[in-house]
>>> print(open('coords_28.csv').read())   # CSV, C-alpha atoms
chain,number,residue,atom,x,y,z
A,55,MET,CA,0.0,0.0,0.0
A,56,THR,CA,1.3,3.4,-1.0
A,57,ALA,CA,1.9,5.8,2.0
A,58,VAL,CA,-0.2,9.0,2.1
A,59,GLU,CA,2.0,12.0,1.5
A,60,PRO,CA,1.8,14.5,4.4
A,61,ILE,CA,0.7,18.0,3.5
A,62,ARG,CA,0.6,21.2,5.5
A,63,LEU,CA,-2.5,21.5,7.7
A,64,GLN,CA,-3.6,24.9,6.3
A,65,LYS,CA,-3.5,23.5,2.7
A,66,TYR,CA,-5.6,20.5,3.8
A,67,ILE,CA,-8.2,22.8,5.3
A,68,ALA,CA,-8.3,25.1,2.3
A,69,ASP,CA,-8.5,22.1,-0.2
A,70,ALA,CA,-11.5,20.9,1.8
A,71,GLY,CA,-13.2,24.2,1.2
A,72,VAL,CA,-13.5,25.4,4.8
A,73,CYS,CA,-11.7,28.7,4.2
A,74,SER,CA,-8.7,30.2,2.4
A,75,ARG,CA,-5.2,29.1,3.3
A,76,ARG,CA,-4.5,32.4,5.0
A,77,SER,CA,-7.7,32.2,7.1
A,78,ALA,CA,-6.8,28.6,8.0
A,79,GLU,CA,-3.5,29.8,9.3
A,80,ALA,CA,-5.3,32.3,11.5
A,81,LEU,CA,-7.7,29.6,12.8
A,82,ILE,CA,-4.7,27.4,13.7
A,83,ALA,CA,-3.0,30.3,15.5
A,84,GLN,CA,-6.2,31.1,17.5
A,85,GLY,CA,-6.6,27.5,18.6
A,86,HIS,CA,-9.7,26.6,16.6
A,87,VAL,CA,-8.1,23.6,14.8
A,88,TRP,CA,-7.3,20.3,16.4
A,89,VAL,CA,-5.6,17.2,15.0
A,90,ASN,CA,-6.2,13.8,16.5
A,91,GLY,CA,-7.5,15.3,19.7
A,92,GLY,CA,-4.7,17.8,20.2
A,93,LYS,CA,-4.4,21.5,19.5
A,94,ALA,CA,-2.8,22.1,16.1
A,95,THR,CA,0.3,24.2,15.5
A,96,LEU,CA,1.3,26.4,12.6
A,97,GLY,CA,3.4,24.5,10.1
A,98,GLN,CA,2.1,21.2,11.2
A,99,LYS,CA,1.7,18.5,8.5
A,100,ILE,CA,-1.0,15.8,8.4
A,101,SER,CA,-1.8,12.7,6.4
A,102,PRO,CA,-5.2,13.1,4.6
A,103,GLY,CA,-7.5,10.2,5.4
A,104,VAL,CA,-5.3,9.1,8.3
A,105,ASP,CA,-5.3,12.1,10.7
A,106,LYS,CA,-8.6,13.4,12.2
A,107,VAL,CA,-8.8,17.2,11.8
A,108,THR,CA,-11.6,19.4,13.4
A,109,VAL,CA,-12.3,23.1,13.2
A,110,ASP,CA,-14.3,24.4,16.1
A,111,GLY,CA,-15.2,20.8,16.9
A,112,LYS,CA,-16.5,20.0,13.4
A,113,PRO,CA,-14.7,17.3,11.4
A,114,VAL,CA,-13.1,18.5,8.2
A,115,ARG,CA,-14.1,16.2,5.3
A,116,THR,CA,-11.2,14.5,3.5
A,117,LYS,CA,-12.7,14.5,0.1
A,118,ALA,CA,-11.6,17.6,-1.7
A,119,GLN,CA,-14.2,19.7,-3.6
A,120,PRO,CA,-14.0,20.1,-7.4
A,121,ARG,CA,-12.0,23.1,-8.3
A,122,ILE,CA,-14.4,25.7,-9.5
A,123,THR,CA,-13.6,29.4,-10.1
A,124,LEU,CA,-16.2,32.0,-10.9
A,125,ALA,CA,-16.0,35.6,-11.9
A,126,MET,CA,-18.8,37.7,-10.6
A,127,ASN,CA,-20.0,41.1,-11.5
A,128,LYS,CA,-20.9,42.2,-7.9
A,129,PRO,CA,-23.6,44.8,-7.4
A,130,ARG,CA,-23.5,47.3,-4.6
A,131,GLY,CA,-25.3,46.1,-1.4
A,132,LEU,CA,-23.8,42.7,-1.2
A,133,ILE,CA,-20.9,41.8,1.2
A,134,CYS,CA,-18.0,39.5,0.4
A,135,SER,CA,-18.4,37.3,3.4
A,136,ASN,CA,-19.8,33.8,4.0
A,137,GLU,CA,-21.7,34.9,7.1
A,138,ASP,CA,-22.7,38.2,8.6
A,139,PRO,CA,-25.3,38.7,11.3
A,140,HIS,CA,-26.0,42.2,10.1
A,141,HIS,CA,-26.5,41.4,6.4
A,142,ALA,CA,-28.7,38.6,5.1
A,143,GLN,CA,-27.6,39.0,1.5
A,144,THR,CA,-24.0,38.1,0.6
A,145,ILE,CA,-22.3,37.2,-2.6
A,146,PHE,CA,-22.5,33.6,-1.6
A,147,SER,CA,-26.3,33.7,-1.0
A,148,VAL,CA,-26.8,34.5,-4.7
A,149,LEU,CA,-24.7,31.7,-6.1
A,150,PRO,CA,-26.4,29.8,-9.0
A,151,ARG,CA,-28.2,26.6,-7.7
A,152,GLU,CA,-25.7,24.3,-9.3
A,153,PHE,CA,-22.9,25.8,-7.2
A,154,ALA,CA,-24.7,26.4,-3.9
A,155,LYS,CA,-23.7,23.0,-2.5
A,156,PHE,CA,-20.0,23.8,-2.7
A,157,ARG,CA,-17.9,25.9,-0.2
A,158,PHE,CA,-16.6,29.0,-2.0
A,159,PHE,CA,-14.5,31.8,-0.6
A,160,CYS,CA,-13.6,35.2,-2.0
A,161,ALA,CA,-10.1,35.7,-3.4
A,162,GLY,CA,-9.9,39.5,-2.9
A,163,ARG,CA,-12.9,41.3,-1.5
A,164,LEU,CA,-14.9,44.4,-2.4
A,165,ASP,CA,-16.7,46.4,0.3
A,166,MET,CA,-20.4,46.6,0.3
A,167,ASP,CA,-20.6,49.9,-1.4
A,168,SER,CA,-18.3,48.9,-4.3
A,169,GLU,CA,-19.1,46.8,-7.3
A,170,GLY,CA,-17.5,44.9,-10.1
A,171,LEU,CA,-15.2,42.0,-10.6
A,172,VAL,CA,-14.9,39.5,-7.7
A,173,ILE,CA,-13.3,36.0,-7.9
A,174,LEU,CA,-15.0,33.2,-6.1
A,175,THR,CA,-13.2,29.8,-5.9
A,176,THR,CA,-13.3,26.4,-4.2
A,177,ASP,CA,-9.5,26.1,-5.0
A,178,GLY,CA,-7.5,27.0,-1.9
A,179,ASP,CA,-4.2,27.1,-3.8
A,180,LEU,CA,-5.6,29.5,-6.3
A,181,ALA,CA,-7.0,31.8,-3.6
A,182,HIS,CA,-3.6,31.8,-1.9
A,183,ARG,CA,-1.9,32.8,-5.1
A,184,LEU,CA,-4.3,35.6,-5.8
A,185,MET,CA,-4.1,37.1,-2.3
A,186,HIS,CA,-0.5,36.5,-1.2
A,187,PRO,CA,1.5,39.7,-1.2
A,188,SER,CA,4.5,38.0,-2.9
A,189,ASN,CA,2.4,37.6,-6.1
A,190,VAL,CA,1.9,41.0,-7.7
A,191,VAL,CA,-1.6,40.8,-9.1
A,192,VAL,CA,-2.7,44.1,-10.6
A,193,LYS,CA,-6.3,45.2,-10.0
A,194,ARG,CA,-7.8,48.1,-12.0
A,195,TYR,CA,-10.6,50.3,-10.8
A,196,TYR,CA,-12.9,52.8,-12.4
A,197,VAL,CA,-13.5,55.6,-9.8
A,198,VAL,CA,-16.2,58.3,-10.1
A,199,LEU,CA,-15.9,61.3,-7.7
A,200,LYS,CA,-18.4,63.9,-6.7
A,201,GLN,CA,-15.8,66.7,-7.2
A,202,PRO,CA,-13.4,67.1,-10.2
A,203,PHE,CA,-9.9,65.8,-9.5
A,204,PRO,CA,-7.0,67.9,-11.0
A,205,SER,CA,-4.1,66.3,-12.8
A,206,THR,CA,-1.7,68.2,-10.5
A,207,ARG,CA,-2.8,66.0,-7.6
A,208,LEU,CA,-2.4,62.6,-9.3
A,209,ALA,CA,1.1,62.2,-7.9
A,210,LEU,CA,-0.3,62.4,-4.4
A,211,LEU,CA,-2.3,59.2,-5.1
A,212,VAL,CA,0.9,57.4,-6.1
A,213,LYS,CA,3.0,58.8,-3.3
A,214,GLY,CA,0.2,58.0,-0.8
A,215,ILE,CA,-0.7,59.2,2.7
A,216,VAL,CA,0.0,57.7,6.1
A,217,MET,CA,-3.1,56.9,8.2
A,218,GLU,CA,-2.9,55.1,11.5
A,219,GLY,CA,0.6,54.0,10.8
A,220,GLU,CA,-0.2,52.5,7.4
A,221,ARG,CA,0.6,54.0,4.0
A,222,LEU,CA,-2.4,54.2,1.6
A,223,LYS,CA,-1.5,54.5,-2.0
A,224,VAL,CA,-2.1,53.3,-5.6
A,225,GLU,CA,0.4,52.1,-8.2
A,226,ARG,CA,-1.0,54.2,-11.0
A,227,ALA,CA,-3.7,56.8,-11.5
A,228,ALA,CA,-4.9,58.6,-14.6
A,229,LEU,CA,-7.8,60.9,-15.5
A,230,VAL,CA,-10.5,59.8,-17.9
A,231,ASN,CA,-11.9,62.4,-20.3
A,232,PRO,CA,-10.3,65.4,-18.6
A,233,ASP,CA,-11.9,68.8,-19.1
A,234,PRO,CA,-10.1,71.9,-20.5
A,235,SER,CA,-8.7,72.6,-17.0
A,236,ASN,CA,-7.2,69.1,-17.0
A,237,SER,CA,-9.5,67.9,-14.2
A,238,SER,CA,-12.0,65.0,-14.2
A,239,THR,CA,-14.5,63.3,-11.9
A,240,HIS,CA,-13.5,60.0,-13.5
A,241,LEU,CA,-10.3,58.2,-12.9
A,242,ASP,CA,-8.6,54.9,-13.7
A,243,VAL,CA,-6.7,53.5,-10.8
A,244,HIS,CA,-4.3,50.5,-10.5
A,245,MET,CA,-3.4,48.7,-7.3
A,246,HIS,CA,-1.7,45.4,-6.5
A,247,HIS,CA,-2.0,45.2,-2.8
A,248,GLY,CA,-5.2,46.7,-1.3
A,249,LYS,CA,-6.2,47.2,2.3
A,250,LYS,CA,-9.8,47.4,3.4
A,251,ARG,CA,-11.5,50.4,1.8
A,252,GLU,CA,-8.1,51.8,0.9
A,253,ILE,CA,-9.1,53.6,-2.3
A,254,ARG,CA,-12.1,55.3,-0.6
A,255,GLN,CA,-10.1,56.3,2.4
A,256,LEU,CA,-7.3,57.7,0.2
A,257,PHE,CA,-9.6,60.0,-1.8
A,258,THR,CA,-11.7,61.0,1.3
A,259,THR,CA,-8.5,62.1,3.1
A,260,LEU,CA,-7.5,64.2,0.1
A,261,GLY,CA,-11.0,65.8,0.2
A,262,TYR,CA,-12.8,64.0,-2.5
A,263,ASP,CA,-16.0,61.9,-2.1
A,264,VAL,CA,-16.2,58.6,-4.0
A,265,LYS,CA,-19.5,58.2,-5.9
A,266,ILE,CA,-18.8,55.0,-7.7
A,267,LEU,CA,-16.0,52.5,-7.2
A,268,ARG,CA,-15.9,49.6,-9.7
A,269,ARG,CA,-13.2,47.0,-10.2
A,270,TYR,CA,-13.2,46.1,-13.8
A,271,GLN,CA,-10.0,44.1,-14.3
A,272,ILE,CA,-7.7,41.7,-12.4
A,273,GLY,CA,-4.4,41.0,-14.2
A,274,ALA,CA,-5.3,40.7,-17.9
A,275,PHE,CA,-8.8,39.5,-17.2
A,276,ARG,CA,-11.5,42.1,-17.8
A,277,LEU,CA,-15.0,42.2,-16.6
A,278,LYS,CA,-16.6,42.2,-20.0
A,279,GLY,CA,-19.7,40.4,-21.1
A,280,ILE,CA,-20.7,39.5,-17.5
A,281,PRO,CA,-23.9,41.4,-16.6
A,282,LEU,CA,-24.4,42.9,-13.2
A,283,HIS,CA,-25.4,40.2,-10.6
A,284,ALA,CA,-24.2,37.4,-13.0
A,285,MET,CA,-21.3,35.0,-12.8
A,286,LYS,CA,-19.1,33.1,-15.3
A,287,GLN,CA,-17.2,30.0,-14.7
A,288,LEU,CA,-13.6,30.5,-15.7
A,289,SER,CA,-11.6,28.2,-17.9
A,290,THR,CA,-7.9,27.4,-17.2
A,291,GLN,CA,-6.8,29.9,-19.7
A,292,GLU,CA,-9.0,32.6,-18.2
A,293,ILE,CA,-7.7,31.8,-14.7
A,294,GLU,CA,-4.1,32.3,-16.0
A,295,LEU,CA,-5.1,35.7,-17.3
A,296,LEU,CA,-5.6,36.8,-13.6
A,297,PHE,CA,-1.8,36.5,-13.1
A,298,GLN,CA,-0.7,38.2,-16.3
A,299,SER,CA,0.3,41.9,-16.5
A,300,PRO,CA,-2.4,44.1,-17.9
A,301,ARG,CA,-1.7,45.6,-21.3
A,302,THR,CA,-0.4,49.1,-21.1
A,303,PRO,CA,-2.1,51.3,-23.8
A,304,ARG,CA,0.1,53.3,-26.0
A,305,ALA,CA,-2.0,56.4,-25.5
A,306,SER,CA,-2.7,57.6,-22.0
A,307,LEU,CA,-6.2,57.4,-20.6
A,308,GLU,CA,-5.9,61.2,-20.1
A,309,ALA,CA,-6.3,61.5,-23.9
A,310,SER,CA,-8.9,58.8,-24.2
A,311,ALA,CA,-12.3,59.6,-25.6
A,312,THR,CA,-14.0,56.8,-23.7
A,313,PRO,CA,-13.6,55.3,-20.2
A,314,PRO,CA,-12.4,51.7,-19.6
A,315,ASP,CA,-14.9,49.2,-20.9
A,316,PHE,CA,-17.3,47.5,-18.4
A,317,ASP,CA,-20.9,46.5,-18.3
A,318,HIS,CA,-23.1,49.2,-17.0
A,319,GLU,CA,-26.2,48.7,-14.8
A,320,ALA,CA,-29.5,48.4,-16.7
>>> encode(input="coords_28.csv", output="C-alpha cells")
Amino acid sequence: MTAVEPIRLQKYIADAGVCSRRSAEALIAQGHVWVNGGKATLGQKISPGVDKVTVDGKPVRTKAQPRITLAMNKPRGLICSNEDPHHAQTIFSVLPREFAKFRFFCAGRLDMDSEGLVILTTDGDLAHRLMHPSNVVVKRYYVVLKQPFPSTRLALLVKGIVMEGERLKVERAALVNPDPSNSSTHLDVHMHHGKKREIRQLFTTLGYDVKILRRYQIGAFRLKGIPLHAMKQLSTQEIELLFQSPRTPRASLEASATPPDFDHEA
C-alpha cells in the first residue's frame, strides 16, 4: 500500500473548502483547529485520510471539492463574506443553484458599497496565489468622484498618505476624459495590494467623495460580457489571465475619448 503523502494543515483545510489558506493559518494560531484530539500548531503536517482534523469541533471532510472558479459582477449592497449577522444577502447567497452545495471563498474582497469583478473559488491554492503579497496581481478600478480631481494631484495618489501607521497609495492613476482645466471626476486606478476600503479612504482624506468604485480588471482578465449580478465559470486559460500583467495602452487614458470598458447597470 502506498503511503499517504503528508501536507501542511492549512493547505488541507483550504482544499476541503473550509476557508482560504490564510484564514486557516489564523484559525490554527487562534486554537480553533485540532488534530487527533490535540491542538494544532502552525506549520504542522497531516496525512489526509489518516489524521482526524476538526475546526471548532466539526470534522473536516477529507474528500476535496471540485476546483471551480467563478468571476462575478458584484452589485452594490452585497458583502463579500460567508456569514454576517448584520447582512442577510452576501455574494454567496446569490450563487447559482448548481454551485450552492460547494464551499466557495472570496479571493480578494470588495466592500459593500463597491461593485465589479470578484473572484470566487473552491480552490484554496488559487485563492492563496491571488491574495498572497508575494504575487503581484494588478487590479484596475474605475472611480467616479463627486468633485473634479485635478491632474496636478495625481502624484499624491501614487505617493500616498500615512493613516494610523499605514501608507495608503495606488500604483498608477490617470484621469479619464479630462476637461479643459485638466480635471475630471472620472479616474482609472491601478493597485496590486489593497487594504480594506483603501481607495475610498485615500480619496476621502484628500478631500474627494467617491460616488462609484468599480473593479473592472484583475491581471489581464477584464469584466466584459458579464452582466451585473451574473457569474461566469472561468476556464484554465482565463484563470491564468488573472496573473498576467495588464496591457499598457500606447495612448494615456488622459487622452482617451471613452472610459475603460465594463458592463453598466441596466
>>> closest_residue(input="coords_28.csv", among="A:Arg121, A:His244, A:Arg76, A:Lys278", to="Tyr196 of chain A", atoms="all atoms listed in the file")
A:His244
>>> residues_around(input="coords_28.csv", residues="segment 70-72 of chain A", least_positions_apart="3", cutoff="8 Å", atoms="all atoms listed in the file", output="PyMOL selection string")
chain A and resi 66-67+114-119+156-159+176-178
>>> atom_distance(input="coords_28.csv", atom1="atom CA of Thr259 of chain A", atom2="atom CA of Gln201 of chain A")
13.4 Å
>>> closest_residue(input="coords_28.csv", among="A:Thr290, A:Val224, A:Lys249, A:Ser74", to="Cys160 of chain A", atoms="only C-alpha atoms")
A:Ser74
>>> residues_around(input="coords_28.csv", residues="segment 265-268 of chain A", least_positions_apart="6", cutoff="12 Å", atoms="only C-alpha atoms", output="NGL selection string")
:A and (127-130 or 164-172 or 193-202 or 239-244 or 251-255 or 257-258 or 276-277 or 282 or 314-319)
>>> residues_around(input="coords_28.csv", residues="Val107 of chain A", least_positions_apart="5", cutoff="8 Å", atoms="only C-alpha atoms", output="PyMOL selection string")
chain A and resi 87-90+113-114
>>> atom_distance(input="coords_28.csv", atom1="atom CA of Phe146 of chain A", atom2="atom CA of Lys286 of chain A")
14.1 Å
>>> atom_distance(input="coords_28.csv", atom1="atom CA of Ala125 of chain A", atom2="atom CA of Met285 of chain A")
5.4 Å
>>> closest_residue(input="coords_28.csv", among="A:Leu63, A:Ala227, A:Leu256, A:Ile173", to="Ser101 of chain A", atoms="only C-alpha atoms")
A:Leu63
>>> closest_residue(input="coords_28.csv", among="A:Glu79, A:Thr123, A:His86, A:Pro234", to="Leu180 of chain A", atoms="only C-alpha atoms")
A:Thr123
>>> residues_around(input="coords_28.csv", residues="Val192 of chain A", least_positions_apart="4", cutoff="10 Å", atoms="all atoms listed in the file", output="VMD selection string")
chain A and resid 184 225 244 to 248 271 to 274 296 to 300
>>> decode(input="coords_28.csv", residues="segment 84-107 of chain A", atoms="C-alpha atoms", output="PDB file, in the first residue's frame")
ATOM      1  CA  GLN A  84      -6.173  31.078  17.451  1.00  0.00           C
ATOM      2  CA  GLY A  85      -6.567  27.460  18.618  1.00  0.00           C
ATOM      3  CA  HIS A  86      -9.681  26.613  16.611  1.00  0.00           C
ATOM      4  CA  VAL A  87      -8.057  23.643  14.832  1.00  0.00           C
ATOM      5  CA  TRP A  88      -7.320  20.271  16.446  1.00  0.00           C
ATOM      6  CA  VAL A  89      -5.560  17.209  15.028  1.00  0.00           C
ATOM      7  CA  ASN A  90      -6.164  13.762  16.549  1.00  0.00           C
ATOM      8  CA  GLY A  91      -7.528  15.316  19.732  1.00  0.00           C
ATOM      9  CA  GLY A  92      -4.662  17.770  20.241  1.00  0.00           C
ATOM     10  CA  LYS A  93      -4.425  21.468  19.468  1.00  0.00           C
ATOM     11  CA  ALA A  94      -2.814  22.067  16.082  1.00  0.00           C
ATOM     12  CA  THR A  95       0.278  24.191  15.524  1.00  0.00           C
ATOM     13  CA  LEU A  96       1.327  26.412  12.631  1.00  0.00           C
ATOM     14  CA  GLY A  97       3.422  24.543  10.089  1.00  0.00           C
ATOM     15  CA  GLN A  98       2.092  21.169  11.196  1.00  0.00           C
ATOM     16  CA  LYS A  99       1.695  18.485   8.537  1.00  0.00           C
ATOM     17  CA  ILE A 100      -1.029  15.835   8.435  1.00  0.00           C
ATOM     18  CA  SER A 101      -1.787  12.748   6.382  1.00  0.00           C
ATOM     19  CA  PRO A 102      -5.166  13.074   4.607  1.00  0.00           C
ATOM     20  CA  GLY A 103      -7.475  10.179   5.368  1.00  0.00           C
ATOM     21  CA  VAL A 104      -5.343   9.140   8.329  1.00  0.00           C
ATOM     22  CA  ASP A 105      -5.311  12.084  10.732  1.00  0.00           C
ATOM     23  CA  LYS A 106      -8.555  13.439  12.175  1.00  0.00           C
ATOM     24  CA  VAL A 107      -8.849  17.216  11.793  1.00  0.00           C
TER      25      VAL A 107
END
